[in-house]
Amino acid sequence: MPPIDIPTHWINLLPDLPGEPLPPLNPQTKAPAGPDDLTPIFPMGLIEQEVSADREIPIPDAVREAYALWRPTPLKRARRFEQALGTPARIFYKYEGTSPAGSHKPNTAIAQAYENHRAGIRKLATETGAGQWGSSLAFASALFGLECEVFMVGSSYDQKPYRRSMMQTWGAAVHRSPSERTESGRAQAAHPTGSLGIAISEAVEVAAQDPACNYALGSVLNHVLLHQTVIGQEAQAQLEAHGAGAPDVIVACVGGGSNFGGIVFPFLRETLAGNSSPPTPRIVAAEPAACPTLTRGAYRYDYGDTSGLTPLMPMYTLGHDFVPPPVHAGGLRYHGDSPIVCALVKAGLVEARAYKQNETFDAAVRFARTEGIISAPEPAHAIRAVIDEAQAATDAGEERTILFNLCGHGNFDMAAYDAFLAGELEDPEFSEADMNAALERLPEAPAIA
């Protein structure tokens with residue numbers, strides 16, 4: 001691809017979302033949460049981004065300079081994959097695995113570390129599922145001279161020891177979650193595999209008790225998805241430089257929504273602003289069948305964590321204390337999702353699909369054997385959806401352009417590939433009964449349509 005510049009602004013969809021705006025709620029009073037509710041754990045710079053009504057927000061020079069360590073990331077056409085599928089579709093992928101941490105997560109980790117450093121914060125506490133976010137924040141904290149403490153979901157802590165080593169190499173302290181270090185962790189000892197919701201509770205508890213420590217979140221919140229929009233902006237410029245035009249379909253995996261928002265939001269902003277040109281692409285969100293938040297969850301107010309320490313957010317949820325089965329796509333094991341992504345699904349602008357673990361690894365292996373890149377388990381869900389879209393193009397006899405976000409490599413996930421290649425990988429069953437029980441325990445909050 002011809003060279004392009006790193007974007008100068010982030011894209012904010014919040015001002016143009018369809019429907020009435022639904023504010024987050026204070027977890028104690030259930031009143032709309034304001035900046036004062038967030039200042040105990042976030043710097044004002046990020047709070048301002050979280051609630052901003054500006055459609056574009058300038059990227060600070062120091063953040064762009066750090067981005068230049070690996071951005072812009074490549075956009076590639078998967079020609080060998082197209083040939084193997086026998087499809088007339090043109091398949092492009094934006095590859096975020098070239099970052100130092102091997103995924104898209106440094107895009108927001110850098111921005112959050114910068115704002116905390118600017119605010120005089122000494123330490124950041126966070127959670128991580130598969131380890132991509134924890135390693136990204138450890139890397140970003142090292143760049144800005146911050147301490148970093150990470151609570152890693154128990155199943156991923158056991159499955160991915162080298163992710164833990166990566167975080168420690170960049171100077172982070174890493175704990176298996178649930179841990180004995182916090183009240184939130186001790187209360188969840190009956191769930192040893194852990195979940196993102198439990199790990200979030202532990203990190204928030206640590207940050208709330210130390211005035212020199214703030215909390216950093218790797219997904220879900222508006223400012224996190226905002227920072228990721230450099231992905232889609234670069235993809236737009238690269239597609240134009242390639243002469244490919246606008247995509248017909250955009251695909252990304254979804255857990256909390258950060259890589260999805262990053263690739264999708266820049267393409268959606270014209271549509272939401274009321275412009276019909278270029279035509280709106282079809283947008284597909286791929287999630288695990290074992291944790292089907294968008295496809296099976298209820299659209300309700302719920303906590304972002306298991307212990308109820310965070311504001312209540314309007315989102316599709318399986319229940320804040322629902323503990324998903326320990327699939328290898330640890331970054332997608334979250335009970336809720338980004339309120340912005342959920343609003344887009346609710347408005348019919350995003351189509352959500354759920355895939356089982358074995359079919360996603362089958363798709364990832366097929367991709368690796370043609371394109372050479374071993375995908376992380378999370379974007380393997382997107383690859384599975386791309387195969388479906390390519391087949392649909394074949395059936396229709398149409399040369400559709402498909403764009404997907406390959407948001408990270410799977411070089412630290414080879415134990416999962418070992419299990420798949422040996423025929424020993426399970427397809428954990430989603431428990432409808434467990435979800436219904438968790439939904440019965442949702443907090444009292446205003447109903448949302």
# chains A, B, ... in the order shown; residues from 1 in each chain; ligands from 1
>>> closest_atom_pairs(of="region 220-252 of chain A", to="region 46-50 of chain A", cutoff="10 Å", atoms="only C-alpha atoms", output="tab-separated table")
residue	atom	partner	partner_atom	distance
A:Leu221	CA	A:Glu50	CA	7.3
A:Asn222	CA	A:Glu50	CA	5.2
A:His223	CA	A:Glu50	CA	4.7
A:Val224	CA	A:Glu50	CA	8.3
A:Leu225	CA	A:Glu50	CA	9.6
A:Leu226	CA	A:Gln49	CA	8.1
A:His227	CA	A:Gln49	CA	9.6
>>> residues_around(residues="region 297-311 of chain A", least_positions_apart="5", cutoff="6 Å", atoms="only C-alpha atoms", output="PyMOL selection string")
chain A and resi 24-27+197-198+200-201+316-318+320-321
>>> write_last_selection(atoms="N, CA and C atoms", output="CSV table (one decimal), in the first residue's frame")
chain,number,residue,atom,x,y,z
A,24,PRO,N,-25.0,7.1,31.8
A,24,PRO,CA,-24.6,6.1,32.8
A,24,PRO,C,-25.2,6.6,34.1
A,25,LEU,N,-25.4,5.6,35.0
A,25,LEU,CA,-26.1,5.9,36.3
A,25,LEU,C,-25.1,5.7,37.5
A,26,ASN,N,-25.2,6.6,38.5
A,26,ASN,CA,-24.4,6.4,39.7
A,26,ASN,C,-24.8,5.1,40.3
A,27,PRO,N,-23.9,4.2,40.7
A,27,PRO,CA,-24.2,2.9,41.2
A,27,PRO,C,-25.0,2.9,42.6
A,197,GLY,N,-15.4,-9.3,34.4
A,197,GLY,CA,-16.2,-8.5,35.4
A,197,GLY,C,-15.6,-8.6,36.7
A,198,ILE,N,-15.1,-9.8,37.1
A,198,ILE,CA,-14.5,-9.9,38.4
A,198,ILE,C,-13.1,-9.2,38.5
A,200,ILE,N,-12.2,-6.6,36.7
A,200,ILE,CA,-12.5,-5.2,36.7
A,200,ILE,C,-12.8,-4.7,38.1
A,201,SER,N,-13.6,-5.5,38.9
A,201,SER,CA,-13.9,-5.1,40.3
A,201,SER,C,-12.7,-5.0,41.1
A,316,TYR,N,-26.5,-4.4,26.1
A,316,TYR,CA,-26.9,-5.8,26.1
A,316,TYR,C,-26.0,-6.5,27.2
A,317,THR,N,-26.7,-7.2,28.1
A,317,THR,CA,-25.9,-7.9,29.2
A,317,THR,C,-26.5,-9.3,29.4
A,318,LEU,N,-25.6,-10.1,29.9
A,318,LEU,CA,-25.9,-11.5,30.3
A,318,LEU,C,-26.0,-11.5,31.8
A,320,HIS,N,-24.3,-9.0,35.3
A,320,HIS,CA,-23.0,-8.7,35.8
A,320,HIS,C,-22.3,-9.8,36.5
A,321,ASP,N,-23.0,-10.7,37.1
A,321,ASP,CA,-22.4,-11.8,37.8
A,321,ASP,C,-22.4,-13.1,37.1
>>> select_by_dssp(residues="region 230-299 of chain A", states="strand (DSSP E or B)", output="ChimeraX atom specification")
/A:249-253,282-288,298-299
>>> write_last_selection(atoms="N, CA and C atoms", output="tab-separated table (two decimals), in the first residue's frame")
chain	number	residue	atom	x	y	z
A	249	VAL	N	-18.99	-4.72	3.08
A	249	VAL	CA	-19.20	-5.37	4.37
A	249	VAL	C	-17.97	-5.10	5.25
A	250	ILE	N	-18.20	-4.78	6.52
A	250	ILE	CA	-17.13	-4.66	7.50
A	250	ILE	C	-17.40	-5.66	8.62
A	251	VAL	N	-16.37	-6.40	9.01
A	251	VAL	CA	-16.50	-7.45	10.02
A	251	VAL	C	-15.46	-7.24	11.11
A	252	ALA	N	-15.87	-7.43	12.36
A	252	ALA	CA	-14.92	-7.41	13.47
A	252	ALA	C	-15.50	-8.26	14.60
A	253	CYS	N	-14.62	-8.79	15.44
A	253	CYS	CA	-15.09	-9.51	16.61
A	253	CYS	C	-15.51	-8.50	17.68
A	282	ARG	N	-22.71	-2.92	5.11
A	282	ARG	CA	-23.25	-3.84	6.11
A	282	ARG	C	-22.17	-4.07	7.15
A	283	ILE	N	-22.56	-4.13	8.40
A	283	ILE	CA	-21.59	-4.27	9.49
A	283	ILE	C	-21.94	-5.49	10.31
A	284	VAL	N	-20.96	-6.38	10.49
A	284	VAL	CA	-21.16	-7.65	11.19
A	284	VAL	C	-20.27	-7.71	12.42
A	285	ALA	N	-20.88	-8.00	13.55
A	285	ALA	CA	-20.17	-8.18	14.82
A	285	ALA	C	-20.17	-9.66	15.17
A	286	ALA	N	-18.98	-10.25	15.35
A	286	ALA	CA	-18.85	-11.69	15.60
A	286	ALA	C	-18.44	-11.91	17.05
A	287	GLU	N	-19.20	-12.72	17.78
A	287	GLU	CA	-18.93	-12.97	19.19
A	287	GLU	C	-18.94	-14.46	19.47
A	288	PRO	N	-18.44	-14.89	20.64
A	288	PRO	CA	-18.43	-16.32	20.96
A	288	PRO	C	-19.81	-16.83	21.38
A	298	ALA	N	-29.93	-9.29	27.33
A	298	ALA	CA	-31.06	-8.37	27.50
A	298	ALA	C	-30.54	-6.94	27.45
A	299	TYR	N	-31.32	-6.05	26.82
A	299	TYR	CA	-30.92	-4.64	26.73
A	299	TYR	C	-31.42	-3.93	27.98
>>> atom_distance(atom1="CA of Phe267 (chain A)", atom2="CA of Gly232 (chain A)")
7.1 Å
>>> closest_residue(among="A:Ile373, A:Ala363, A:Ala419, A:Ile383", to="Val327 (chain A)", atoms="only C-alpha atoms")
A:Ala419
>>> closest_residue(among="A:Glu240, A:Asp210, A:Glu398, A:Asp337", to="Thr295 (chain A)", atoms="only C-alpha atoms")
A:Asp337
>>> residues_around(residues="His381 (chain A)", least_positions_apart="2", cutoff="12 Å", atoms="only C-alpha atoms", output="PyMOL selection string")
chain A and resi 251-255+260+284-289+328-329+331-332+352-365+367+375-379+383-388+404-407
>>> write_last_selection(atoms="N, CA and C atoms", output="CSV table (one decimal), in the first residue's frame")
chain,number,residue,atom,x,y,z
A,251,VAL,N,-16.4,-6.4,9.0
A,251,VAL,CA,-16.5,-7.5,10.0
A,251,VAL,C,-15.5,-7.2,11.1
A,252,ALA,N,-15.9,-7.4,12.4
A,252,ALA,CA,-14.9,-7.4,13.5
A,252,ALA,C,-15.5,-8.3,14.6
A,253,CYS,N,-14.6,-8.8,15.4
A,253,CYS,CA,-15.1,-9.5,16.6
A,253,CYS,C,-15.5,-8.5,17.7
A,254,VAL,N,-16.3,-9.0,18.6
A,254,VAL,CA,-16.8,-8.1,19.7
A,254,VAL,C,-16.7,-8.8,21.0
A,255,GLY,N,-16.1,-8.1,22.0
A,255,GLY,CA,-16.2,-8.5,23.4
A,255,GLY,C,-16.7,-7.4,24.2
A,260,PHE,N,-13.8,-3.4,17.4
A,260,PHE,CA,-15.0,-3.3,16.5
A,260,PHE,C,-15.2,-1.8,16.3
A,284,VAL,N,-21.0,-6.4,10.5
A,284,VAL,CA,-21.2,-7.7,11.2
A,284,VAL,C,-20.3,-7.7,12.4
A,285,ALA,N,-20.9,-8.0,13.6
A,285,ALA,CA,-20.2,-8.2,14.8
A,285,ALA,C,-20.2,-9.7,15.2
A,286,ALA,N,-19.0,-10.3,15.3
A,286,ALA,CA,-18.8,-11.7,15.6
A,286,ALA,C,-18.4,-11.9,17.1
A,287,GLU,N,-19.2,-12.7,17.8
A,287,GLU,CA,-18.9,-13.0,19.2
A,287,GLU,C,-18.9,-14.5,19.5
A,288,PRO,N,-18.4,-14.9,20.6
A,288,PRO,CA,-18.4,-16.3,21.0
A,288,PRO,C,-19.8,-16.8,21.4
A,289,ALA,N,-20.2,-18.0,20.9
A,289,ALA,CA,-21.4,-18.6,21.3
A,289,ALA,C,-21.5,-18.9,22.8
A,328,HIS,N,-10.9,-19.9,24.9
A,328,HIS,CA,-9.6,-19.3,24.7
A,328,HIS,C,-9.6,-17.9,24.3
A,329,ALA,N,-10.7,-17.4,23.7
A,329,ALA,CA,-10.8,-16.0,23.3
A,329,ALA,C,-11.2,-15.2,24.6
A,331,GLY,N,-10.4,-12.4,25.7
A,331,GLY,CA,-10.8,-11.0,25.5
A,331,GLY,C,-12.3,-10.8,25.2
A,332,LEU,N,-13.0,-11.9,24.9
A,332,LEU,CA,-14.4,-11.8,24.5
A,332,LEU,C,-15.3,-12.3,25.6
A,352,ALA,N,-25.3,-8.9,14.6
A,352,ALA,CA,-24.5,-9.7,15.5
A,352,ALA,C,-24.7,-11.2,15.2
A,353,ARG,N,-23.6,-11.9,15.2
A,353,ARG,CA,-23.6,-13.3,15.0
A,353,ARG,C,-22.7,-14.0,16.1
A,354,ALA,N,-23.1,-15.2,16.5
A,354,ALA,CA,-22.3,-15.9,17.5
A,354,ALA,C,-21.7,-17.2,16.9
A,355,TYR,N,-20.5,-17.5,17.2
A,355,TYR,CA,-19.8,-18.7,16.6
A,355,TYR,C,-19.2,-19.6,17.7
A,356,LYS,N,-19.2,-20.9,17.5
A,356,LYS,CA,-18.6,-21.8,18.5
A,356,LYS,C,-17.0,-21.8,18.3
A,357,GLN,N,-16.4,-22.3,19.4
A,357,GLN,CA,-14.9,-22.2,19.5
A,357,GLN,C,-14.2,-22.9,18.4
A,358,ASN,N,-14.6,-24.2,18.1
A,358,ASN,CA,-14.0,-25.0,17.1
A,358,ASN,C,-14.1,-24.4,15.7
A,359,GLU,N,-15.3,-23.9,15.3
A,359,GLU,CA,-15.4,-23.3,14.0
A,359,GLU,C,-14.6,-22.1,13.8
A,360,THR,N,-14.3,-21.3,14.9
A,360,THR,CA,-13.5,-20.2,14.7
A,360,THR,C,-12.0,-20.6,14.6
A,361,PHE,N,-11.6,-21.6,15.3
A,361,PHE,CA,-10.2,-22.0,15.1
A,361,PHE,C,-10.0,-22.7,13.8
A,362,ASP,N,-11.0,-23.4,13.3
A,362,ASP,CA,-10.9,-23.9,11.9
A,362,ASP,C,-10.7,-22.8,10.9
A,363,ALA,N,-11.4,-21.7,11.1
A,363,ALA,CA,-11.3,-20.5,10.2
A,363,ALA,C,-9.9,-19.9,10.3
A,364,ALA,N,-9.4,-19.8,11.5
A,364,ALA,CA,-8.1,-19.2,11.8
A,364,ALA,C,-7.0,-20.1,11.1
A,365,VAL,N,-7.1,-21.4,11.2
A,365,VAL,CA,-6.1,-22.3,10.6
A,365,VAL,C,-6.1,-22.1,9.1
A,367,PHE,N,-7.0,-19.5,7.4
A,367,PHE,CA,-6.4,-18.2,7.1
A,367,PHE,C,-4.9,-18.3,7.2
A,375,SER,N,-3.8,-16.0,13.7
A,375,SER,CA,-4.7,-15.0,14.4
A,375,SER,C,-4.8,-15.3,15.9
A,376,ALA,N,-5.0,-14.3,16.7
A,376,ALA,CA,-5.4,-14.5,18.0
A,376,ALA,C,-6.8,-15.1,18.0
A,377,PRO,N,-7.2,-15.8,19.1
A,377,PRO,CA,-8.5,-16.5,19.1
A,377,PRO,C,-9.7,-15.5,18.9
A,378,GLU,N,-9.5,-14.2,19.4
A,378,GLU,CA,-10.6,-13.3,19.3
A,378,GLU,C,-10.9,-12.9,17.9
A,379,PRO,N,-10.0,-12.4,17.0
A,379,PRO,CA,-10.3,-12.1,15.6
A,379,PRO,C,-10.6,-13.3,14.8
A,383,ILE,N,-12.8,-13.8,11.3
A,383,ILE,CA,-12.4,-14.6,10.1
A,383,ILE,C,-13.5,-15.6,9.8
A,384,ARG,N,-14.1,-16.2,10.8
A,384,ARG,CA,-15.2,-17.2,10.6
A,384,ARG,C,-16.4,-16.4,9.9
A,385,ALA,N,-16.7,-15.2,10.3
A,385,ALA,CA,-17.8,-14.5,9.7
A,385,ALA,C,-17.4,-14.0,8.3
A,386,VAL,N,-16.1,-13.7,8.0
A,386,VAL,CA,-15.7,-13.4,6.7
A,386,VAL,C,-15.9,-14.5,5.7
A,387,ILE,N,-15.6,-15.8,6.2
A,387,ILE,CA,-15.9,-16.9,5.3
A,387,ILE,C,-17.3,-17.0,4.9
A,388,ASP,N,-18.2,-16.7,5.9
A,388,ASP,CA,-19.7,-16.7,5.6
A,388,ASP,C,-20.0,-15.7,4.6
A,404,PHE,N,-12.1,-6.6,7.1
A,404,PHE,CA,-12.2,-7.0,8.5
A,404,PHE,C,-11.0,-6.6,9.3
A,405,ASN,N,-11.1,-6.6,10.6
A,405,ASN,CA,-10.1,-6.1,11.5
A,405,ASN,C,-9.4,-7.4,12.1
A,406,LEU,N,-8.2,-7.6,11.7
A,406,LEU,CA,-7.4,-8.7,12.3
A,406,LEU,C,-6.6,-8.0,13.4
A,407,CYS,N,-7.2,-8.0,14.6
A,407,CYS,CA,-6.8,-7.1,15.7
A,407,CYS,C,-5.6,-7.6,16.5
>>> residues_around(residues="Arg181 (chain A)", least_positions_apart="5", cutoff="10 Å", atoms="only C-alpha atoms", output="list in words")
Phe151, His175, Arg176, Arg186, Glu202 and Val206 of chain A
>>> closest_residue(among="A:Asn411, A:Ser431, A:Gln209, A:Gln391", to="Leu85 (chain A)", atoms="only C-alpha atoms")
A:Gln391
>>> atom_distance(atom1="CA of Pro324 (chain A)", atom2="CA of Asn436 (chain A)")
13.1 Å
>>> closest_residue(among="A:Thr293, A:Ala422, A:Gly145, A:Ala449", to="Lys346 (chain A)", atoms="only C-alpha atoms")
A:Ala449
>>> residues_around(residues="Val174 (chain A)", least_positions_apart="3", cutoff="7 Å", atoms="only C-alpha atoms", output="NGL selection string")
:A and (149-152 or 164)
>>> write_last_selection(atoms="N, CA and C atoms", output="compact mmCIF listing (two decimals), in the first residue's frame")
# COMPACT_ATOMS: atom_id res chain seq x y z
N GLU A 149 -0.40 -2.16 37.66
CA GLU A 149 -0.82 -3.36 38.38
C GLU A 149 -1.98 -3.99 37.61
N VAL A 150 -1.84 -5.28 37.27
CA VAL A 150 -2.80 -5.95 36.38
C VAL A 150 -3.42 -7.15 37.08
N PHE A 151 -4.75 -7.23 37.04
CA PHE A 151 -5.48 -8.41 37.49
C PHE A 151 -5.91 -9.20 36.26
N MET A 152 -5.31 -10.37 36.08
CA MET A 152 -5.51 -11.17 34.88
C MET A 152 -6.51 -12.29 35.16
N ARG A 164 1.81 -13.06 30.55
CA ARG A 164 2.16 -12.59 31.89
C ARG A 164 3.63 -12.14 31.91
>>> closest_residue(among="A:Asp37, A:Glu96, A:Asp427, A:Glu432", to="Lys76 (chain A)", atoms="only C-alpha atoms")
A:Glu96
>>> closest_residue(among="A:Glu399, A:Glu180, A:Gly154, A:Ala142", to="Gln168 (chain A)", atoms="only C-alpha atoms")
A:Ala142
>>> select_by_dssp(residues="region 219-365 of chain A", states="alpha helix (DSSP H)", output="PyMOL selection string")
chain A and resi 222-227+230-242+258-272+293-296+339-346+357-365
>>> write_last_selection(atoms="C-alpha atoms", output="compact mmCIF listing (two decimals), in the first residue's frame")
# COMPACT_ATOMS: atom_id res chain seq x y z
CA ASN A 222 -16.66 5.81 25.03
CA HIS A 223 -13.15 7.26 25.33
CA VAL A 224 -11.59 3.82 24.78
CA LEU A 225 -13.46 3.26 21.51
CA LEU A 226 -12.69 6.86 20.54
CA HIS A 227 -8.94 6.18 20.72
CA VAL A 230 -7.26 5.56 14.16
CA ILE A 231 -7.75 2.02 12.77
CA GLY A 232 -10.75 2.80 10.59
CA GLN A 233 -9.40 6.18 9.47
CA GLU A 234 -6.20 4.57 8.25
CA ALA A 235 -8.20 1.82 6.54
CA GLN A 236 -10.29 4.41 4.69
CA ALA A 237 -7.18 6.17 3.40
CA GLN A 238 -5.51 2.87 2.48
CA LEU A 239 -8.55 1.55 0.60
CA GLU A 240 -8.74 4.82 -1.33
CA ALA A 241 -5.03 4.65 -2.13
CA HIS A 242 -5.53 1.08 -3.33
CA SER A 258 -12.93 -1.59 21.20
CA ASN A 259 -11.50 -3.18 18.04
CA PHE A 260 -14.99 -3.26 16.53
CA GLY A 261 -15.54 0.45 17.15
CA GLY A 262 -12.05 1.23 15.92
CA ILE A 263 -12.62 -0.21 12.46
CA VAL A 264 -16.33 0.60 12.11
CA PHE A 265 -16.94 4.06 13.59
CA PRO A 266 -15.12 6.13 10.93
CA PHE A 267 -17.19 4.43 8.22
CA LEU A 268 -20.44 5.02 10.11
CA ARG A 269 -20.07 8.68 10.95
CA GLU A 270 -21.33 9.95 7.58
CA THR A 271 -24.40 7.73 7.85
CA LEU A 272 -25.19 8.89 11.37
CA THR A 293 -23.90 -10.84 24.77
CA LEU A 294 -25.27 -9.16 21.63
CA THR A 295 -27.18 -12.14 20.26
CA ARG A 296 -28.76 -13.44 23.49
CA PRO A 339 -23.08 1.27 25.18
CA ILE A 340 -22.32 2.83 21.79
CA VAL A 341 -22.03 -0.56 20.08
CA CYS A 342 -25.20 -1.75 21.82
CA ALA A 343 -27.08 1.35 20.63
CA LEU A 344 -25.99 0.62 17.05
CA VAL A 345 -27.16 -3.00 17.34
CA LYS A 346 -30.45 -1.83 18.86
CA GLN A 357 -14.92 -22.17 19.47
CA ASN A 358 -13.96 -25.00 17.07
CA GLU A 359 -15.40 -23.33 13.98
CA THR A 360 -13.47 -20.15 14.74
CA PHE A 361 -10.18 -22.04 15.13
CA ASP A 362 -10.90 -23.91 11.90
CA ALA A 363 -11.29 -20.53 10.18
CA ALA A 364 -8.08 -19.24 11.76
CA VAL A 365 -6.09 -22.27 10.58
>>> residues_around(residues="Thr394 (chain A)", least_positions_apart="6", cutoff="8 Å", atoms="only C-alpha atoms", output="ChimeraX atom specification")
/A:86-89
>>> write_last_selection(atoms="C-alpha atoms", output="tab-separated table (two decimals), in the first residue's frame")
chain	number	residue	atom	x	y	z
A	86	GLY	CA	-13.14	-19.71	-4.48
A	87	THR	CA	-14.96	-16.44	-4.02
A	88	PRO	CA	-15.33	-13.39	-6.28
A	89	ALA	CA	-15.23	-11.25	-3.12
>>> residues_around(residues="Gln188 (chain A)", least_positions_apart="4", cutoff="9 Å", atoms="only C-alpha atoms", output="PyMOL selection string")
chain A and resi 178-179+183-184+192+194+198
>>> write_last_selection(atoms="C-alpha atoms", output="compact mmCIF listing (two decimals), in the first residue's frame")
# COMPACT_ATOMS: atom_id res chain seq x y z
CA PRO A 178 -9.96 -13.71 41.51
CA SER A 179 -7.23 -12.98 44.01
CA GLU A 183 -12.43 -7.85 48.90
CA SER A 184 -13.93 -8.23 45.43
CA PRO A 192 -11.66 -19.78 40.15
CA GLY A 194 -12.55 -15.74 36.85
CA ILE A 198 -14.45 -9.93 38.45
>>> atom_distance(atom1="CA of Pro428 (chain A)", atom2="CA of Met166 (chain A)")
28.3 Å
>>> decode(residues="region 20-91 of chain A", atoms="C-alpha atoms", output="short mmCIF file (atom, residue, chain, number, x, y, z; two decimals), in the first residue's frame")
data_model
loop_
_atom_site.label_atom_id
_atom_site.label_comp_id
_atom_site.auth_asym_id
_atom_site.auth_seq_id
_atom_site.Cartn_x
_atom_site.Cartn_y
_atom_site.Cartn_z
CA GLU A 20 -32.50 9.36 23.02
CA PRO A 21 -29.15 9.57 24.85
CA LEU A 22 -29.02 7.20 27.81
CA PRO A 23 -26.61 8.37 30.51
CA PRO A 24 -24.61 6.10 32.80
CA LEU A 25 -26.05 5.94 36.32
CA ASN A 26 -24.39 6.37 39.69
CA PRO A 27 -24.24 2.86 41.24
CA GLN A 28 -25.47 4.13 44.63
CA THR A 29 -28.10 6.76 43.79
CA LYS A 30 -29.09 5.52 40.31
CA ALA A 31 -29.08 9.18 39.21
CA PRO A 32 -27.27 10.13 35.99
CA ALA A 33 -23.52 9.94 36.61
CA GLY A 34 -21.53 13.11 36.10
CA PRO A 35 -17.82 13.95 36.04
CA ASP A 36 -17.67 13.99 39.84
CA ASP A 37 -18.65 10.31 39.89
CA LEU A 38 -15.66 9.44 37.69
CA THR A 39 -12.89 11.63 39.12
CA PRO A 40 -11.92 9.12 41.87
CA ILE A 41 -10.56 6.72 39.24
CA PHE A 42 -10.13 8.68 35.96
CA PRO A 43 -8.21 11.86 35.05
CA MET A 44 -10.26 14.84 33.87
CA GLY A 45 -8.74 14.65 30.38
CA LEU A 46 -10.31 11.22 29.81
CA ILE A 47 -13.60 12.21 31.48
CA GLU A 48 -13.89 15.13 29.06
CA GLN A 49 -13.35 12.73 26.15
CA GLU A 50 -15.91 10.31 27.60
CA VAL A 51 -18.74 12.88 27.52
CA SER A 52 -17.58 15.10 24.64
CA ALA A 53 -20.12 16.35 22.11
CA ASP A 54 -17.37 17.14 19.57
CA ARG A 55 -17.40 14.93 16.48
CA GLU A 56 -13.60 15.04 16.24
CA ILE A 57 -11.08 15.27 19.08
CA PRO A 58 -7.45 16.23 18.41
CA ILE A 59 -4.82 13.59 19.16
CA PRO A 60 -2.09 15.08 21.38
CA ASP A 61 1.34 15.33 19.78
CA ALA A 62 2.92 13.10 22.45
CA VAL A 63 0.38 10.36 21.68
CA ARG A 64 0.95 10.60 17.91
CA GLU A 65 4.71 10.41 18.50
CA ALA A 66 4.22 7.18 20.48
CA TYR A 67 1.85 5.84 17.80
CA ALA A 68 4.66 6.35 15.28
CA LEU A 69 6.55 3.46 16.88
CA TRP A 70 4.27 1.17 14.83
CA ARG A 71 1.54 3.15 13.09
CA PRO A 72 0.21 3.27 10.48
CA THR A 73 -0.51 -0.46 10.48
CA PRO A 74 -0.78 -2.38 7.21
CA LEU A 75 -3.94 -3.00 5.21
CA LYS A 76 -3.54 -6.13 3.11
CA ARG A 77 -5.60 -7.90 0.51
CA ALA A 78 -6.01 -11.60 1.31
CA ARG A 79 -5.65 -12.85 -2.26
CA ARG A 80 -4.54 -16.39 -1.35
CA PHE A 81 -7.41 -16.68 1.10
CA GLU A 82 -9.83 -15.50 -1.61
CA GLN A 83 -8.48 -18.16 -3.98
CA ALA A 84 -8.77 -20.90 -1.38
CA LEU A 85 -12.38 -19.91 -0.75
CA GLY A 86 -13.14 -19.71 -4.48
CA THR A 87 -14.96 -16.44 -4.02
CA PRO A 88 -15.33 -13.39 -6.28
CA ALA A 89 -15.23 -11.25 -3.12
CA ARG A 90 -12.24 -9.01 -2.47
CA ILE A 91 -11.12 -9.50 1.13
#
